[in-house]
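Undergrad: Questions regarding the structure given below will be posed in turn.
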Amino acid sequence: MLRTNTCGELRIENVGKTVVLSGWVQKVRDKGGMLWIDLRDRYGITQLILEEGKSDAAILSIARGLSREDVVSAEGAVIERSSKNANIPTGDIEILVAKLTLLNKSKTPPFTIEDDTDGGDELRMKYRYLDIRRTPVRTALELRHRLSIETRKYLDSFNFLEVETPYLIKSTPEGARDFVVPSRMNPGEFYALPQSPQTFKQLLMVAGIDRYYQIVKCFRDEDLRADRQPEFTQIDCEMSFVTQEDVLQTFEGLITHLFNKVLNVQLPTFPRMTYADAMTYYGCDKPDIRFDMKFVEMNSIVKEKGFPVFDSAELVVGINASGCSEYTRKQLDALTDFVKKPQIGATGLVYLKCNLDGTYKSSVDKFYSPEELAKWAAVFGAKAGDLILVLAGGADKTRKALSELRLHLADELGLRDPKVFKPLWVLDFPLLEWNEDEKRFFAMHHPFTSPMEADFALMSSDPGKVRANAYDMVINGVELGGGSVRIHNRELQKQMFSILGFTDEEAQNQFGFLMNAFEYGAPPHAGLAFGFDRMCAIFSGKDSIRDFIAFPKNNSGRDVMIDSPSVIDAKQLLDLSLTINK
Ligand code: ASP
């Protein structure tokens, strides 16, 4: 081996030992009489020292020729440092170099390999192998590894079997857009890359596997954002002979286990909230409950007082920004500008200051008497010093806008501490969503989700009202995972496809394999999947999933390091029976 130890492990107890270390040159400091090299590997940094007069001249000359990121191997004795560095674990010692070998020279890297680098996103992605040398990226990958190991341990202890499912499957029109792969041997035909192993894991239940999981790549050809990549990883799970309650317990257990083992954080029992309550009180289906600021609906107290905006609104709803009554004109204007941004889409913002002296000041004083404003304060349970912010308009749009305002304010007020974790389950989602453009229902989760038993009858009379036997796990306003109890009965599955606008023939063509399997003794089953990249980001308190993926793609879906996607040559196109129209 080209080393006896790593650059992260030597301590004061090792003084006197002769060691060989190998790694990358982080820094060289040449003070004439003395020369220090910071040597770095995955495990840390150790200081090497050479001294004019004491060290061999040839070795000093090699050292003087070193620059950042050269790969070297050094042999020498561990000695105690005269000036110790308390900031690093190896800071009490250094290596008095007796032998130094340059293993490989490095060009000057395009950005500094330091925690705070000067490299921009694209540059770092182009030289990702250099970026990964940086501690923050490496620790992100280490965290990912820990989470996957602990996930496997936990699921294995509950008898889950990891089974691999195929990557070359069949394109289906439901869900997101598929990535497709042309088949050379079947001209004109295509495989699709899986958006998830959903149907396969259900078939594994029919196959009697009973408990399945897979840490698996999924592919969706969607527009990208900071928390989306065209290929991403799921912890995908399925169980037989279980109820919703069993699934919730099992996977609440998994997440509790991961927080405990990986972050040493003990989570309390997860609260549960219906979808309807999440929408009513937080205006979104993945509420951040690290802070309160619940919505209060005001229709019953604000209407018919002569304020046309409220009179004509379907919903008047507000939040209490506690302790913000001293907000200045400028701050309130900034909040108004925020809600009026096109992506938020509110037309204006009404405020009520509950002043510290007990008086009220609102932007609609003209229409509401102090007594009426006192009623507003009362429904919010507001006290002196609070600031009530109110939006009005169409119900869905207004809730969405207020939800954004709530998060924005919480950010401003520092209420979203990334080190605080507030998980919850959101339950009782609607089964279907009406799509006005296509004039048909879409499955809110996916077409294999079972309706709630209590709502079976509504399937034929009023499908829009049916609740799904589905659940999402949310942490800090992020959907960490979701799943459902599945349909395991051919007739119900057929009915579902028919509600989704499939003819019997289309359903049979696309999902016949699953419906046929349901005729051979399909057990009741249920499952869920977690977004694994997102899980890593949440555990680290980060928004972007990119740093948790070794080789991510940029916002245009490109891998800028290998420069992909790329054109293929005419021969390949011909083999695949493809022609490109330019
Ligand atoms: N396959 C689903 C998804 O990708 C998860 C599940 O229902 O298990 O969202």
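To be explicit about the labels: the chains of the structure tokens are called A, B, and onward in the order shown, and within each one the residues are counted from 1, while ligands get numbers from 1 in the order they are shown.
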For chain A versus ligand 1, which residues have an atom no more than 6 Å away, and what is each residue's nearest atom pair and distance in Å rounded to one decimal, using only C-alpha atoms and all ligand atoms, chain-then-number order, as JSON lines?

TA:
```
{"residue": "A:Ser196", "atom": "CA", "partner": "ligand 1", "partner_atom_place_in_ligand_line": "4 (O)", "distance": 4.9}
{"residue": "A:Gln198", "atom": "CA", "partner": "ligand 1", "partner_atom_place_in_ligand_line": "1 (N)", "distance": 4.5}
{"residue": "A:Gly482", "atom": "CA", "partner": "ligand 1", "partner_atom_place_in_ligand_line": "5 (C)", "distance": 5.7}
{"residue": "A:Gly483", "atom": "CA", "partner": "ligand 1", "partner_atom_place_in_ligand_line": "7 (O)", "distance": 3.6}
{"residue": "A:Ser484", "atom": "CA", "partner": "ligand 1", "partner_atom_place_in_ligand_line": "7 (O)", "distance": 5.4}
{"residue": "A:Gly527", "atom": "CA", "partner": "ligand 1", "partner_atom_place_in_ligand_line": "8 (O)", "distance": 4.9}
{"residue": "A:Leu528", "atom": "CA", "partner": "ligand 1", "partner_atom_place_in_ligand_line": "8 (O)", "distance": 3.2}
{"residue": "A:Ala529", "atom": "CA", "partner": "ligand 1", "partner_atom_place_in_ligand_line": "5 (C)", "distance": 4.4}
```

Undergrad: Could you name the residues that touch range 105-122 of chain A at 7 Å or less, counting only C-alpha atoms, but leaving out those on the same chain fewer than 4 positions away, as a PyMOL selection string?

TA: chain A and resi 68-71+126+131+133-136

Undergrad: Find the residues around range 21-38 of chain A up to 10 Å (only C-alpha atoms counted), leave out those fewer than 2 positions away in its own chain, and share them as a ChimeraX atom specification.

TA: /A:1-8,19,40-55,60,63-76,94-97,100-106,112-114,133

Undergrad: For the residues in the current selection, export C-alpha atoms as a CSV table (one decimal), in the first residue's frame.

TA:
```csv
chain,number,residue,atom,x,y,z
A,1,MET,CA,0.0,0.0,0.0
A,2,LEU,CA,1.1,3.5,-0.7
A,3,ARG,CA,0.1,4.5,2.8
A,4,THR,CA,0.1,3.3,6.3
A,5,ASN,CA,-2.4,5.8,7.5
A,6,THR,CA,-5.0,8.2,6.2
A,7,CYS,CA,-4.6,12.0,6.4
A,8,GLY,CA,-7.4,12.1,9.0
A,19,VAL,CA,4.2,6.6,8.7
A,40,ARG,CA,-5.5,16.0,2.0
A,41,ASP,CA,-7.4,12.8,1.4
A,42,ARG,CA,-11.0,11.7,2.0
A,43,TYR,CA,-10.4,11.5,5.7
A,44,GLY,CA,-8.8,14.8,6.5
A,45,ILE,CA,-5.8,17.0,6.3
A,46,THR,CA,-2.4,16.3,7.9
A,47,GLN,CA,0.5,18.8,7.9
A,48,LEU,CA,3.9,17.8,6.5
A,49,ILE,CA,7.0,19.7,7.5
A,50,LEU,CA,10.4,20.0,5.9
A,51,GLU,CA,13.3,21.9,7.3
A,52,GLU,CA,16.2,23.5,5.6
A,53,GLY,CA,19.4,21.9,6.9
A,54,LYS,CA,17.5,18.9,8.4
A,55,SER,CA,15.7,17.6,5.4
A,60,LEU,CA,13.2,19.9,-0.4
A,63,ALA,CA,8.5,19.9,-2.2
A,64,ARG,CA,9.3,23.4,-3.6
A,65,GLY,CA,8.1,22.2,-7.0
A,66,LEU,CA,4.7,21.1,-5.7
A,67,SER,CA,1.5,22.9,-6.4
A,68,ARG,CA,-2.2,22.5,-5.5
A,69,GLU,CA,-3.7,19.1,-6.2
A,70,ASP,CA,-0.5,17.3,-7.0
A,71,VAL,CA,-0.7,13.7,-5.8
A,72,VAL,CA,2.2,12.8,-3.4
A,73,SER,CA,3.2,10.2,-1.0
A,74,ALA,CA,5.3,11.1,2.1
A,75,GLU,CA,7.1,9.1,4.6
A,76,GLY,CA,8.3,10.4,8.0
A,94,GLU,CA,2.8,16.9,11.9
A,95,ILE,CA,5.0,14.6,9.8
A,96,LEU,CA,8.7,15.3,9.6
A,97,VAL,CA,9.2,14.2,6.0
A,100,LEU,CA,8.6,12.4,-0.7
A,101,THR,CA,7.4,11.0,-3.9
A,102,LEU,CA,5.4,12.9,-6.5
A,103,LEU,CA,2.9,10.3,-7.7
A,104,ASN,CA,1.2,12.6,-10.3
A,105,LYS,CA,1.3,16.2,-11.2
A,106,SER,CA,-2.0,18.2,-11.4
A,112,THR,CA,-10.3,26.2,-5.4
A,113,ILE,CA,-10.8,22.9,-3.6
A,114,GLU,CA,-12.0,24.5,-0.4
A,133,ARG,CA,-12.9,16.5,-3.5
```

Undergrad: So, with only C-alpha atoms as the atoms that count, which of A:Ser403, A:Ser148, A:Gln508, A:Asn14 lies closest to Tyr281 in chain A?

TA: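 The closest residue to Tyr281 in chain A is A:Ser403.
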
Undergrad: Considering only helix (DSSP H, G or I) as DSSP defines it on the backbone, what residues of range 374-413 of chain A qualify? List them as a list in words.

TA: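 Everything in range 374-413 of chain A that counts as helix (DSSP H, G or I) is Ala374, Lys375, Trp376, Ala377, Ala378, Val379, Phe380, Ala395, Asp396, Lys397, Thr398, Arg399, Lys400, Ala401, Leu402, Ser403, Glu404, Leu405, Arg406, Leu407, His408, Leu409, Ala410, Asp411 and Glu412 of chain A.
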
Undergrad: Write out as a PDB file with N, CA, C and O atoms, in the first residue's frame each polymer residue whose atoms come within 9 Å of Phe270 in chain A, counting only C-alpha atoms; drop sequence neighbours fewer than 3 positions from it.

TA:
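Saved the output as selection.pdb:
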```pdb
ATOM      1  N   GLU A 252     -43.171   5.321   9.343  1.00  0.00           N
ATOM      2  CA  GLU A 252     -42.851   6.306  10.382  1.00  0.00           C
ATOM      3  C   GLU A 252     -41.668   5.744  11.180  1.00  0.00           C
ATOM      4  O   GLU A 252     -40.735   6.466  11.533  1.00  0.00           O
ATOM      5  N   LEU A 267     -37.405  11.803  16.997  1.00  0.00           N
ATOM      6  CA  LEU A 267     -38.651  12.423  16.520  1.00  0.00           C
ATOM      7  C   LEU A 267     -39.816  11.940  17.380  1.00  0.00           C
ATOM      8  O   LEU A 267     -39.866  10.775  17.751  1.00  0.00           O
ATOM      9  N   LYS A 422     -40.034  18.801  11.648  1.00  0.00           N
ATOM     10  CA  LYS A 422     -41.435  18.601  12.004  1.00  0.00           C
ATOM     11  C   LYS A 422     -42.133  17.753  10.948  1.00  0.00           C
ATOM     12  O   LYS A 422     -42.658  18.275   9.963  1.00  0.00           O
ATOM     13  N   PRO A 423     -42.120  16.445  11.145  1.00  0.00           N
ATOM     14  CA  PRO A 423     -42.784  15.571  10.185  1.00  0.00           C
ATOM     15  C   PRO A 423     -44.280  15.479  10.454  1.00  0.00           C
ATOM     16  O   PRO A 423     -44.725  15.767  11.578  1.00  0.00           O
ATOM     17  N   LEU A 424     -45.040  15.123   9.454  1.00  0.00           N
ATOM     18  CA  LEU A 424     -46.444  14.787   9.651  1.00  0.00           C
ATOM     19  C   LEU A 424     -46.924  13.918   8.498  1.00  0.00           C
ATOM     20  O   LEU A 424     -46.268  13.835   7.455  1.00  0.00           O
ATOM     21  N   TRP A 425     -48.044  13.236   8.731  1.00  0.00           N
ATOM     22  CA  TRP A 425     -48.714  12.509   7.659  1.00  0.00           C
ATOM     23  C   TRP A 425     -49.887  13.351   7.162  1.00  0.00           C
ATOM     24  O   TRP A 425     -50.629  13.901   7.976  1.00  0.00           O
TER      25      TRP A 425
END
```

Undergrad: If we count only C-alpha atoms and set the cut-off at 6 Å, which residues sit around range 165-173 of chain A, ignoring sequence neighbours fewer than 6 positions away in its own chain? Please answer as number ranges by chain.

TA: A: 191-194

Undergrad: Take the residues from that selection and write them out as a PDB file, in the first residue's frame, keeping N, CA and C atoms.

TA:
```pdb
ATOM      1  N   TYR A 191     -38.710   1.194 -25.812  1.00  0.00           N
ATOM      2  CA  TYR A 191     -38.885   0.972 -24.381  1.00  0.00           C
ATOM      3  C   TYR A 191     -39.108   2.344 -23.736  1.00  0.00           C
ATOM      4  N   ALA A 192     -39.592   2.343 -22.505  1.00  0.00           N
ATOM      5  CA  ALA A 192     -39.574   3.573 -21.718  1.00  0.00           C
ATOM      6  C   ALA A 192     -38.794   3.283 -20.455  1.00  0.00           C
ATOM      7  N   LEU A 193     -38.117   4.302 -19.927  1.00  0.00           N
ATOM      8  CA  LEU A 193     -37.463   4.153 -18.629  1.00  0.00           C
ATOM      9  C   LEU A 193     -38.527   4.383 -17.551  1.00  0.00           C
ATOM     10  N   PRO A 194     -38.480   3.604 -16.470  1.00  0.00           N
ATOM     11  CA  PRO A 194     -39.564   3.687 -15.480  1.00  0.00           C
ATOM     12  C   PRO A 194     -39.622   5.034 -14.756  1.00  0.00           C
TER      13      PRO A 194
END
```

Undergrad: List the spatial neighbours of Ser362 in chain A as a CSV table (one decimal) with N, CA and C atoms, in the first residue's frame - criterion: any atom at most 8 Å away, only C-alpha atoms, same-chain residues fewer than 4 positions off excluded.

TA:
```csv
chain,number,residue,atom,x,y,z
A,350,VAL,N,-54.4,43.2,2.4
A,350,VAL,CA,-55.0,44.0,3.4
A,350,VAL,C,-54.3,43.7,4.8
A,351,TYR,N,-54.0,44.8,5.5
A,351,TYR,CA,-53.4,44.5,6.8
A,351,TYR,C,-54.2,45.1,8.0
A,352,LEU,N,-54.0,44.5,9.1
A,352,LEU,CA,-54.5,45.1,10.4
A,352,LEU,C,-53.4,45.0,11.4
A,353,LYS,N,-53.0,46.2,11.8
A,353,LYS,CA,-52.0,46.3,12.9
A,353,LYS,C,-52.7,46.3,14.2
```

Undergrad: Name all residues at most 8 Å from Arg399 in chain A (count only C-alpha atoms; drop same-chain ones fewer than 3 positions away) and give them as a list in words.

TA: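 So, after excluding close chain neighbours, the residues are Met279, Thr280, Tyr282, Gly283, Cys284, Val317, Ala395, Asp396, Leu402 and Ser403 of chain A.
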
Undergrad: Please produce a file of the residues just selected, as a PDB file, in the first residue's frame, where the atoms kept are C-alpha atoms.

TA:
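Ended up saving to out-v7.pdb:
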```
ATOM      1  CA  MET A 279     -55.758  23.055   2.598  1.00  0.00           C
ATOM      2  CA  THR A 280     -58.009  24.943   5.035  1.00  0.00           C
ATOM      3  CA  TYR A 282     -52.178  26.028   5.464  1.00  0.00           C
ATOM      4  CA  GLY A 283     -53.380  26.387   1.874  1.00  0.00           C
ATOM      5  CA  CYS A 284     -51.195  23.533   0.669  1.00  0.00           C
ATOM      6  CA  VAL A 317     -58.604  34.574   4.579  1.00  0.00           C
ATOM      7  CA  ALA A 395     -60.713  30.229  -2.957  1.00  0.00           C
ATOM      8  CA  ASP A 396     -58.024  27.994  -4.475  1.00  0.00           C
ATOM      9  CA  LEU A 402     -51.519  33.014   1.296  1.00  0.00           C
ATOM     10  CA  SER A 403     -49.545  29.804   1.692  1.00  0.00           C
TER      11      SER A 403
END
```

Undergrad: Which one is closest to Gly557 in chain A: A:Phe241, A:Phe158, A:Phe219, A:Phe190? Count only C-alpha atoms.

TA: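 Of the candidates, the smallest distance to Gly557 in chain A is held by A:Phe219.
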
Undergrad: Would you please work out which residue, of A:Asp311, A:Glu506, A:Asp386, A:Asp285, is nearest to Asp428 in chain A when using only C-alpha atoms?

TA: A:Asp285

Undergrad: State, in Å with one decimal place, the distance from CA of Gly541 in chain A to CA of Val426 in chain A.

TA: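 Between these atoms lies a distance of 21.3 Å.
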
Undergrad: Between A:Leu413, A:Ile580, A:Ala550, A:Val466, which is the closest to Leu130 in chain A once you count only C-alpha atoms?

TA: A:Ala550

Undergrad: Mind the document's chain letters and residue numbers, and return as a VMD selection string the residues of range 108-343 of chain A that DSSP labels strand (DSSP E).

TA: chain A and resid 161 to 162 180 to 182 190 to 192 211 to 219 231 to 240 272 to 274 296 to 297 315 to 321

Undergrad: Could you check how far CA of Phe291 in chain A sits from CA of Leu258 in chain A, in Å to one decimal?

TA: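 Those two atoms sit 23.4 Å apart.
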
Undergrad: Restricting the calculation to only C-alpha atoms, which member of A:Glu436, A:Asp559, A:Glu164, A:Glu238 is positioned closest to Val206 in chain A?

TA: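 Smallest separation from Val206 in chain A among the options: A:Glu238.
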
Undergrad: What does the distance between CA of Glu174 in chain A and CA of Met535 in chain A come to in Å, to one decimal place?

TA: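 For CA of Glu174 in chain A relative to CA of Met535 in chain A, the distance reads 25.5 Å.
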